[in-house]
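Enquirer: File name final05.cif; file contents mmCIF, N, CA and C atoms; full text below.
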data_my_file
#
loop_
_atom_site.label_atom_id
_atom_site.label_comp_id
_atom_site.auth_asym_id
_atom_site.auth_seq_id
_atom_site.Cartn_x
_atom_site.Cartn_y
_atom_site.Cartn_z
N MET Y 160 3.82 -17.01 16.63
CA MET Y 160 3.19 -15.69 16.52
C MET Y 160 2.21 -15.72 15.36
N ASN Y 161 0.96 -15.42 15.65
CA ASN Y 161 -0.05 -15.29 14.60
C ASN Y 161 -0.39 -13.81 14.50
N PRO Y 162 -0.01 -13.14 13.42
CA PRO Y 162 -0.20 -11.68 13.32
C PRO Y 162 -1.66 -11.24 13.26
N ILE Y 163 -2.57 -12.18 13.12
CA ILE Y 163 -3.99 -11.83 13.08
C ILE Y 163 -4.53 -11.57 14.49
N LEU Y 164 -3.93 -12.18 15.50
CA LEU Y 164 -4.49 -12.16 16.85
C LEU Y 164 -3.92 -11.04 17.72
N LEU Y 165 -4.81 -10.24 18.27
CA LEU Y 165 -4.42 -9.17 19.18
C LEU Y 165 -3.67 -9.74 20.38
N SER Y 166 -4.09 -10.90 20.85
CA SER Y 166 -3.45 -11.52 22.02
C SER Y 166 -1.97 -11.83 21.78
N HIS Y 167 -1.57 -11.95 20.53
CA HIS Y 167 -0.16 -12.19 20.22
C HIS Y 167 0.62 -10.88 20.11
N TRP Y 168 -0.07 -9.77 19.84
CA TRP Y 168 0.59 -8.48 19.71
C TRP Y 168 0.81 -7.78 21.05
N LEU Y 169 -0.11 -7.94 21.98
CA LEU Y 169 0.00 -7.19 23.24
C LEU Y 169 1.27 -7.52 24.03
N PRO Y 170 1.69 -8.79 24.11
CA PRO Y 170 2.96 -9.06 24.81
C PRO Y 170 4.17 -8.40 24.11
N ILE Y 171 4.11 -8.29 22.80
CA ILE Y 171 5.18 -7.63 22.06
C ILE Y 171 5.21 -6.15 22.42
N CYS Y 172 4.02 -5.55 22.53
CA CYS Y 172 3.95 -4.15 22.96
C CYS Y 172 4.52 -3.99 24.35
N ASP Y 173 4.20 -4.93 25.25
CA ASP Y 173 4.77 -4.88 26.61
C ASP Y 173 6.29 -4.90 26.57
N GLN Y 174 6.84 -5.85 25.82
CA GLN Y 174 8.30 -5.98 25.74
C GLN Y 174 8.95 -4.74 25.16
N ALA Y 175 8.29 -4.12 24.19
CA ALA Y 175 8.84 -2.94 23.54
C ALA Y 175 8.48 -1.65 24.28
N ARG Y 176 7.73 -1.79 25.36
CA ARG Y 176 7.27 -0.63 26.15
C ARG Y 176 6.48 0.36 25.30
N ILE Y 177 5.60 -0.19 24.47
CA ILE Y 177 4.71 0.61 23.64
C ILE Y 177 3.35 0.64 24.31
N ALA Y 178 2.81 1.84 24.49
CA ALA Y 178 1.50 1.98 25.13
C ALA Y 178 0.41 1.39 24.24
N TYR Y 179 -0.59 0.80 24.86
CA TYR Y 179 -1.72 0.24 24.13
C TYR Y 179 -2.95 0.25 25.03
N ILE Y 180 -4.08 0.08 24.41
CA ILE Y 180 -5.33 0.01 25.17
C ILE Y 180 -5.43 -1.40 25.75
N PRO Y 181 -5.60 -1.53 27.05
CA PRO Y 181 -5.63 -2.87 27.66
C PRO Y 181 -6.84 -3.68 27.19
N ALA Y 182 -6.71 -4.97 27.34
CA ALA Y 182 -7.78 -5.89 26.97
C ALA Y 182 -7.93 -6.95 28.05
N THR Y 183 -9.17 -7.30 28.34
CA THR Y 183 -9.46 -8.41 29.24
C THR Y 183 -10.00 -9.54 28.38
N PHE Y 184 -9.25 -10.62 28.33
CA PHE Y 184 -9.62 -11.73 27.46
C PHE Y 184 -10.58 -12.67 28.16
N GLY Y 185 -11.58 -13.08 27.43
CA GLY Y 185 -12.58 -14.00 27.93
C GLY Y 185 -12.35 -15.40 27.37
N PRO Y 186 -13.40 -16.21 27.38
CA PRO Y 186 -13.29 -17.59 26.93
C PRO Y 186 -12.91 -17.72 25.46
N GLU Y 187 -12.28 -18.83 25.16
CA GLU Y 187 -11.99 -19.18 23.77
C GLU Y 187 -13.19 -19.89 23.18
N VAL Y 188 -13.43 -19.61 21.91
CA VAL Y 188 -14.53 -20.23 21.17
C VAL Y 188 -13.92 -21.08 20.06
N ARG Y 189 -14.40 -22.30 19.95
CA ARG Y 189 -13.91 -23.18 18.88
C ARG Y 189 -14.41 -22.65 17.53
N ILE Y 190 -13.49 -22.49 16.60
CA ILE Y 190 -13.84 -21.96 15.29
C ILE Y 190 -14.82 -22.88 14.56
N ASP Y 191 -14.60 -24.18 14.65
CA ASP Y 191 -15.53 -25.10 13.98
C ASP Y 191 -16.94 -24.99 14.56
N GLU Y 192 -17.03 -24.61 15.82
CA GLU Y 192 -18.34 -24.43 16.45
C GLU Y 192 -19.07 -23.21 15.88
N ILE Y 193 -18.32 -22.17 15.57
CA ILE Y 193 -18.93 -20.98 14.95
C ILE Y 193 -19.53 -21.37 13.61
N PHE Y 194 -18.80 -22.13 12.82
CA PHE Y 194 -19.33 -22.57 11.52
C PHE Y 194 -20.55 -23.47 11.70
N ARG Y 195 -20.52 -24.37 12.70
CA ARG Y 195 -21.68 -25.23 12.96
C ARG Y 195 -22.89 -24.40 13.38
N PHE Y 196 -22.65 -23.36 14.19
CA PHE Y 196 -23.73 -22.48 14.62
C PHE Y 196 -24.40 -21.83 13.41
N LEU Y 197 -23.59 -21.34 12.48
CA LEU Y 197 -24.13 -20.68 11.29
C LEU Y 197 -24.94 -21.63 10.43
N GLU Y 198 -24.58 -22.91 10.47
CA GLU Y 198 -25.31 -23.91 9.69
C GLU Y 198 -26.48 -24.49 10.47
N GLY Y 199 -26.64 -24.08 11.73
CA GLY Y 199 -27.73 -24.60 12.55
C GLY Y 199 -27.52 -26.04 13.00
N LEU Y 200 -26.26 -26.43 13.14
CA LEU Y 200 -25.94 -27.82 13.48
C LEU Y 200 -25.33 -27.92 14.88
N GLY Y 201 -25.93 -28.72 15.71
CA GLY Y 201 -25.33 -29.12 16.98
C GLY Y 201 -25.26 -28.05 18.06
N ASP Y 202 -24.73 -28.49 19.20
CA ASP Y 202 -24.56 -27.64 20.37
C ASP Y 202 -23.36 -26.70 20.18
N THR Y 203 -23.36 -25.62 20.93
CA THR Y 203 -22.28 -24.64 20.84
C THR Y 203 -21.82 -24.24 22.25
N PRO Y 204 -21.27 -25.18 23.01
CA PRO Y 204 -20.91 -24.86 24.40
C PRO Y 204 -19.87 -23.76 24.56
N THR Y 205 -18.84 -23.72 23.70
CA THR Y 205 -17.83 -22.67 23.88
C THR Y 205 -18.38 -21.31 23.47
N LEU Y 206 -19.22 -21.28 22.47
CA LEU Y 206 -19.87 -20.02 22.07
C LEU Y 206 -20.83 -19.55 23.16
N ASP Y 207 -21.55 -20.49 23.75
CA ASP Y 207 -22.46 -20.15 24.85
C ASP Y 207 -21.70 -19.59 26.06
N ARG Y 208 -20.55 -20.19 26.38
CA ARG Y 208 -19.73 -19.69 27.50
C ARG Y 208 -19.22 -18.27 27.22
N ALA Y 209 -18.81 -18.03 25.98
CA ALA Y 209 -18.31 -16.70 25.62
C ALA Y 209 -19.43 -15.67 25.73
N TYR Y 210 -20.62 -16.03 25.29
CA TYR Y 210 -21.75 -15.10 25.37
C TYR Y 210 -22.09 -14.80 26.83
N ALA Y 211 -22.09 -15.83 27.67
CA ALA Y 211 -22.38 -15.63 29.10
C ALA Y 211 -21.31 -14.75 29.74
N TRP Y 212 -20.04 -14.96 29.39
CA TRP Y 212 -18.96 -14.14 29.93
C TRP Y 212 -19.14 -12.69 29.50
N LEU Y 213 -19.45 -12.46 28.23
CA LEU Y 213 -19.65 -11.09 27.75
C LEU Y 213 -20.84 -10.42 28.42
N ARG Y 214 -21.89 -11.18 28.69
CA ARG Y 214 -23.04 -10.60 29.39
C ARG Y 214 -22.62 -10.07 30.76
N GLN Y 215 -21.62 -10.68 31.35
CA GLN Y 215 -21.14 -10.24 32.66
C GLN Y 215 -20.15 -9.06 32.55
N TYR Y 216 -19.25 -9.09 31.57
CA TYR Y 216 -18.15 -8.13 31.52
C TYR Y 216 -18.32 -6.98 30.53
N TYR Y 217 -19.17 -7.13 29.54
CA TYR Y 217 -19.35 -6.07 28.55
C TYR Y 217 -20.29 -5.02 29.10
N GLN Y 218 -19.80 -3.80 29.23
CA GLN Y 218 -20.58 -2.66 29.72
C GLN Y 218 -20.56 -1.60 28.62
N PRO Y 219 -21.61 -1.52 27.79
CA PRO Y 219 -21.58 -0.67 26.60
C PRO Y 219 -21.16 0.78 26.82
N ARG Y 220 -21.43 1.35 27.96
CA ARG Y 220 -21.05 2.75 28.18
C ARG Y 220 -19.56 2.92 28.47
N SER Y 221 -18.89 1.86 28.94
CA SER Y 221 -17.48 2.00 29.29
C SER Y 221 -16.55 1.03 28.59
N THR Y 222 -17.10 0.00 27.97
CA THR Y 222 -16.24 -0.97 27.27
C THR Y 222 -16.80 -1.30 25.90
N MET Y 223 -15.94 -1.87 25.06
CA MET Y 223 -16.34 -2.43 23.77
C MET Y 223 -15.97 -3.91 23.80
N TRP Y 224 -16.66 -4.71 23.01
CA TRP Y 224 -16.27 -6.11 22.91
C TRP Y 224 -15.86 -6.39 21.47
N ARG Y 225 -14.97 -7.33 21.32
CA ARG Y 225 -14.51 -7.73 20.00
C ARG Y 225 -13.94 -9.13 20.07
N TRP Y 226 -13.66 -9.68 18.94
CA TRP Y 226 -12.97 -10.96 18.84
C TRP Y 226 -11.47 -10.69 18.88
N ASP Y 227 -10.70 -11.67 19.27
CA ASP Y 227 -9.25 -11.55 19.29
C ASP Y 227 -8.72 -11.26 17.88
N CYS Y 228 -9.40 -11.77 16.88
CA CYS Y 228 -8.92 -11.66 15.49
C CYS Y 228 -9.42 -10.42 14.76
N CYS Y 229 -10.52 -9.82 15.18
CA CYS Y 229 -11.05 -8.64 14.50
C CYS Y 229 -12.24 -8.09 15.28
N SER Y 230 -12.58 -6.86 14.98
CA SER Y 230 -13.77 -6.28 15.61
C SER Y 230 -14.99 -6.54 14.72
N THR Y 231 -16.15 -6.32 15.28
CA THR Y 231 -17.39 -6.58 14.55
C THR Y 231 -17.75 -5.40 13.66
N GLU Y 232 -18.59 -5.65 12.68
CA GLU Y 232 -19.08 -4.57 11.81
C GLU Y 232 -19.84 -3.53 12.63
N ILE Y 233 -20.59 -3.99 13.62
CA ILE Y 233 -21.37 -3.08 14.46
C ILE Y 233 -20.42 -2.14 15.23
N LEU Y 234 -19.34 -2.69 15.77
CA LEU Y 234 -18.37 -1.87 16.49
C LEU Y 234 -17.72 -0.86 15.55
N LYS Y 235 -17.35 -1.30 14.37
CA LYS Y 235 -16.71 -0.39 13.40
C LYS Y 235 -17.65 0.74 13.03
N ALA Y 236 -18.91 0.43 12.80
CA ALA Y 236 -19.88 1.47 12.45
C ALA Y 236 -20.04 2.47 13.59
N THR Y 237 -20.05 1.97 14.82
CA THR Y 237 -20.18 2.85 15.99
C THR Y 237 -18.96 3.75 16.11
N MET Y 238 -17.77 3.19 15.91
CA MET Y 238 -16.54 3.97 16.03
C MET Y 238 -16.42 5.00 14.92
N ALA Y 239 -17.06 4.77 13.79
CA ALA Y 239 -16.99 5.71 12.67
C ALA Y 239 -17.81 6.98 12.92
N GLU Y 240 -18.75 6.91 13.85
CA GLU Y 240 -19.58 8.07 14.17
C GLU Y 240 -18.85 8.97 15.15
N SER Y 241 -18.85 10.26 14.87
CA SER Y 241 -18.22 11.20 15.80
C SER Y 241 -18.94 11.20 17.14
N TYR Y 242 -20.26 11.19 17.09
CA TYR Y 242 -21.08 11.17 18.29
C TYR Y 242 -22.10 10.05 18.13
N PRO Y 243 -21.74 8.82 18.52
CA PRO Y 243 -22.65 7.69 18.32
C PRO Y 243 -24.02 7.93 18.93
N THR Y 244 -25.04 7.62 18.16
CA THR Y 244 -26.41 7.77 18.66
C THR Y 244 -26.85 6.57 19.46
N ALA Y 245 -26.21 5.44 19.24
CA ALA Y 245 -26.54 4.23 19.99
C ALA Y 245 -25.26 3.44 20.25
N LEU Y 246 -25.21 2.77 21.37
CA LEU Y 246 -24.06 1.94 21.70
C LEU Y 246 -24.27 0.53 21.14
N PRO Y 247 -23.19 -0.16 20.78
CA PRO Y 247 -23.34 -1.51 20.21
C PRO Y 247 -24.01 -2.47 21.19
N LEU Y 248 -24.98 -3.21 20.69
CA LEU Y 248 -25.63 -4.23 21.49
C LEU Y 248 -24.74 -5.47 21.55
N LEU Y 249 -25.01 -6.31 22.50
CA LEU Y 249 -24.28 -7.56 22.59
C LEU Y 249 -24.97 -8.56 21.67
N GLU Y 250 -24.47 -8.65 20.47
CA GLU Y 250 -25.01 -9.57 19.48
C GLU Y 250 -23.87 -10.35 18.86
N PHE Y 251 -24.11 -11.61 18.63
CA PHE Y 251 -23.15 -12.40 17.87
C PHE Y 251 -23.65 -12.42 16.43
N ASP Y 252 -23.27 -11.39 15.67
CA ASP Y 252 -23.60 -11.35 14.25
C ASP Y 252 -22.46 -12.05 13.54
N LEU Y 253 -22.56 -13.36 13.45
CA LEU Y 253 -21.45 -14.16 12.96
C LEU Y 253 -21.39 -14.25 11.44
N ASP Y 254 -22.41 -13.76 10.78
CA ASP Y 254 -22.46 -13.89 9.33
C ASP Y 254 -21.89 -12.65 8.64
N GLU Y 255 -20.73 -12.20 9.09
CA GLU Y 255 -20.04 -11.07 8.49
C GLU Y 255 -18.96 -11.64 7.56
N PRO Y 256 -18.97 -11.25 6.29
CA PRO Y 256 -18.01 -11.82 5.34
C PRO Y 256 -16.54 -11.69 5.78
N ARG Y 257 -16.16 -10.53 6.31
CA ARG Y 257 -14.76 -10.36 6.73
C ARG Y 257 -14.43 -11.28 7.89
N PHE Y 258 -15.33 -11.38 8.86
CA PHE Y 258 -15.11 -12.27 10.00
C PHE Y 258 -14.95 -13.71 9.53
N MET Y 259 -15.79 -14.14 8.60
CA MET Y 259 -15.69 -15.51 8.08
C MET Y 259 -14.34 -15.73 7.38
N SER Y 260 -13.89 -14.74 6.61
CA SER Y 260 -12.60 -14.86 5.93
C SER Y 260 -11.45 -14.97 6.93
N VAL Y 261 -11.53 -14.17 7.99
CA VAL Y 261 -10.48 -14.21 9.02
C VAL Y 261 -10.49 -15.57 9.72
N LEU Y 262 -11.67 -16.09 10.05
CA LEU Y 262 -11.75 -17.41 10.68
C LEU Y 262 -11.17 -18.49 9.78
N GLU Y 263 -11.46 -18.42 8.50
CA GLU Y 263 -10.90 -19.41 7.56
C GLU Y 263 -9.38 -19.32 7.52
N GLU Y 264 -8.86 -18.10 7.53
CA GLU Y 264 -7.41 -17.91 7.55
C GLU Y 264 -6.81 -18.48 8.84
N LEU Y 265 -7.47 -18.26 9.97
CA LEU Y 265 -6.99 -18.83 11.24
C LEU Y 265 -6.97 -20.35 11.18
N GLU Y 266 -8.01 -20.95 10.64
CA GLU Y 266 -8.03 -22.41 10.52
C GLU Y 266 -6.89 -22.91 9.65
N ARG Y 267 -6.61 -22.20 8.54
CA ARG Y 267 -5.50 -22.62 7.67
C ARG Y 267 -4.16 -22.55 8.42
N SER Y 268 -4.05 -21.66 9.39
CA SER Y 268 -2.81 -21.54 10.16
C SER Y 268 -2.82 -22.45 11.39
N GLN Y 269 -3.76 -23.39 11.43
CA GLN Y 269 -3.86 -24.38 12.51
C GLN Y 269 -4.38 -23.81 13.82
N GLN Y 270 -4.93 -22.60 13.81
CA GLN Y 270 -5.56 -22.02 14.99
C GLN Y 270 -6.95 -22.62 15.11
N ARG Y 271 -7.29 -23.19 16.25
CA ARG Y 271 -8.57 -23.87 16.42
C ARG Y 271 -9.59 -23.07 17.22
N THR Y 272 -9.12 -22.02 17.92
CA THR Y 272 -10.02 -21.23 18.76
C THR Y 272 -9.75 -19.74 18.56
N VAL Y 273 -10.72 -18.95 18.97
CA VAL Y 273 -10.57 -17.50 18.97
C VAL Y 273 -11.28 -16.98 20.22
N SER Y 274 -10.66 -16.03 20.90
CA SER Y 274 -11.22 -15.50 22.14
C SER Y 274 -12.10 -14.28 21.89
N VAL Y 275 -12.96 -14.03 22.86
CA VAL Y 275 -13.67 -12.76 22.92
C VAL Y 275 -12.94 -11.92 23.96
N LEU Y 276 -13.07 -10.61 23.86
CA LEU Y 276 -12.42 -9.75 24.83
C LEU Y 276 -13.18 -8.45 24.96
N VAL Y 277 -12.92 -7.76 26.05
CA VAL Y 277 -13.47 -6.42 26.24
C VAL Y 277 -12.29 -5.46 26.44
N ARG Y 278 -12.51 -4.23 25.96
CA ARG Y 278 -11.53 -3.17 26.10
C ARG Y 278 -12.27 -1.90 26.49
N PRO Y 279 -11.62 -1.02 27.22
CA PRO Y 279 -12.30 0.23 27.58
C PRO Y 279 -12.45 1.13 26.36
N TRP Y 280 -13.54 1.91 26.35
CA TRP Y 280 -13.67 2.98 25.36
C TRP Y 280 -12.67 4.05 25.75
N VAL Y 281 -11.95 4.58 24.81
CA VAL Y 281 -11.04 5.70 25.06
C VAL Y 281 -11.28 6.77 24.02
N ASN Y 282 -11.03 7.99 24.39
CA ASN Y 282 -11.12 9.09 23.43
C ASN Y 282 -9.86 9.10 22.59
N ALA Y 283 -10.04 9.31 21.31
CA ALA Y 283 -8.89 9.37 20.41
C ALA Y 283 -8.06 10.60 20.72
N GLU Y 284 -6.77 10.46 20.61
CA GLU Y 284 -5.86 11.59 20.78
C GLU Y 284 -5.24 11.91 19.44
N TRP Y 285 -5.29 13.15 19.06
CA TRP Y 285 -4.71 13.59 17.80
C TRP Y 285 -3.45 14.38 18.10
N HIS Y 286 -2.38 13.98 17.51
CA HIS Y 286 -1.10 14.68 17.72
C HIS Y 286 -0.65 15.35 16.43
#
Here is the file; what I need is its structure written in the form of structure tokens.

Expert:
Amino acid sequence: MNPILLSHWLPICDQARIAYIPATFGPEVRIDEIFRFLEGLGDTPTLDRAYAWLRQYYQPRSTMWRWDCCSTEILKATMAESYPTALPLLEFDLDEPRFMSVLEELERSQQRTVSVLVRPWVNAEWH
């Protein structure tokens, strides 16, 4: 169990019968490839596959996309707005300090890949 990964929490929610927002998981991306991409070194086939998958499944009006380990700064900024003026674009803004820290932590825990996923937009419920 890696507590950083949403994919490890959802089965626990299922077992405990706790409601959650569903997720459709896409391709896994090699973490070392993300670092190579940022340095401008070499090919990025797993990152390219993830981007192609998201181009097919990410629908900004009805879904959000995120990494298995964390959401993007763009998504967080959009969710912080009561009435978003623009929907998040499909961009791999990989140079986010928090995302880099999370990837480094995953590598230290021997995790070699991280998935992309889409989830439906839902209205918050206040109880």

Enquirer: Determine, counting all atoms listed in the file, which protein, DNA and RNA residues have an atom within 6.5 Å of an atom of Val273 in chain Y; residues of the same chain fewer than 4 positions away are not included. Present the result as number ranges by chain.

Expert: Y: 186-190, 226-228

Enquirer: Out of Y:Thr203, Y:Thr272, Y:Ser166, Y:Thr183, which residue has the shortest atom-to-atom distance to Trp224 in chain Y when counting only C-alpha atoms?

Expert: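 Once distances to Trp224 in chain Y are computed over only C-alpha atoms, the minimum belongs to Y:Thr183.
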
Enquirer: Given the choices Y:Trp168, Y:Tyr216, Y:Tyr210, Y:Phe194, which gets closest to Arg271 in chain Y if the distance is worked out from only C-alpha atoms?

Expert: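 Between Y:Trp168, Y:Tyr216, Y:Tyr210, Y:Phe194, the residue approaching Arg271 in chain Y most closely is Y:Phe194.
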
Enquirer: With only C-alpha atoms as the atoms that count, which of Y:Ala175, Y:Val277, Y:Ala209, Y:Leu262 lies nearest to Arg225 in chain Y?

Expert: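 When distances to Arg225 in chain Y are compared using only C-alpha atoms, the smallest one comes from Y:Val277.
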
Enquirer: Separation of atom N of Glu263 in chain Y and atom C of Trp280 in chain Y, in Å?

Expert: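 These two atoms are separated by 28.4 Å.
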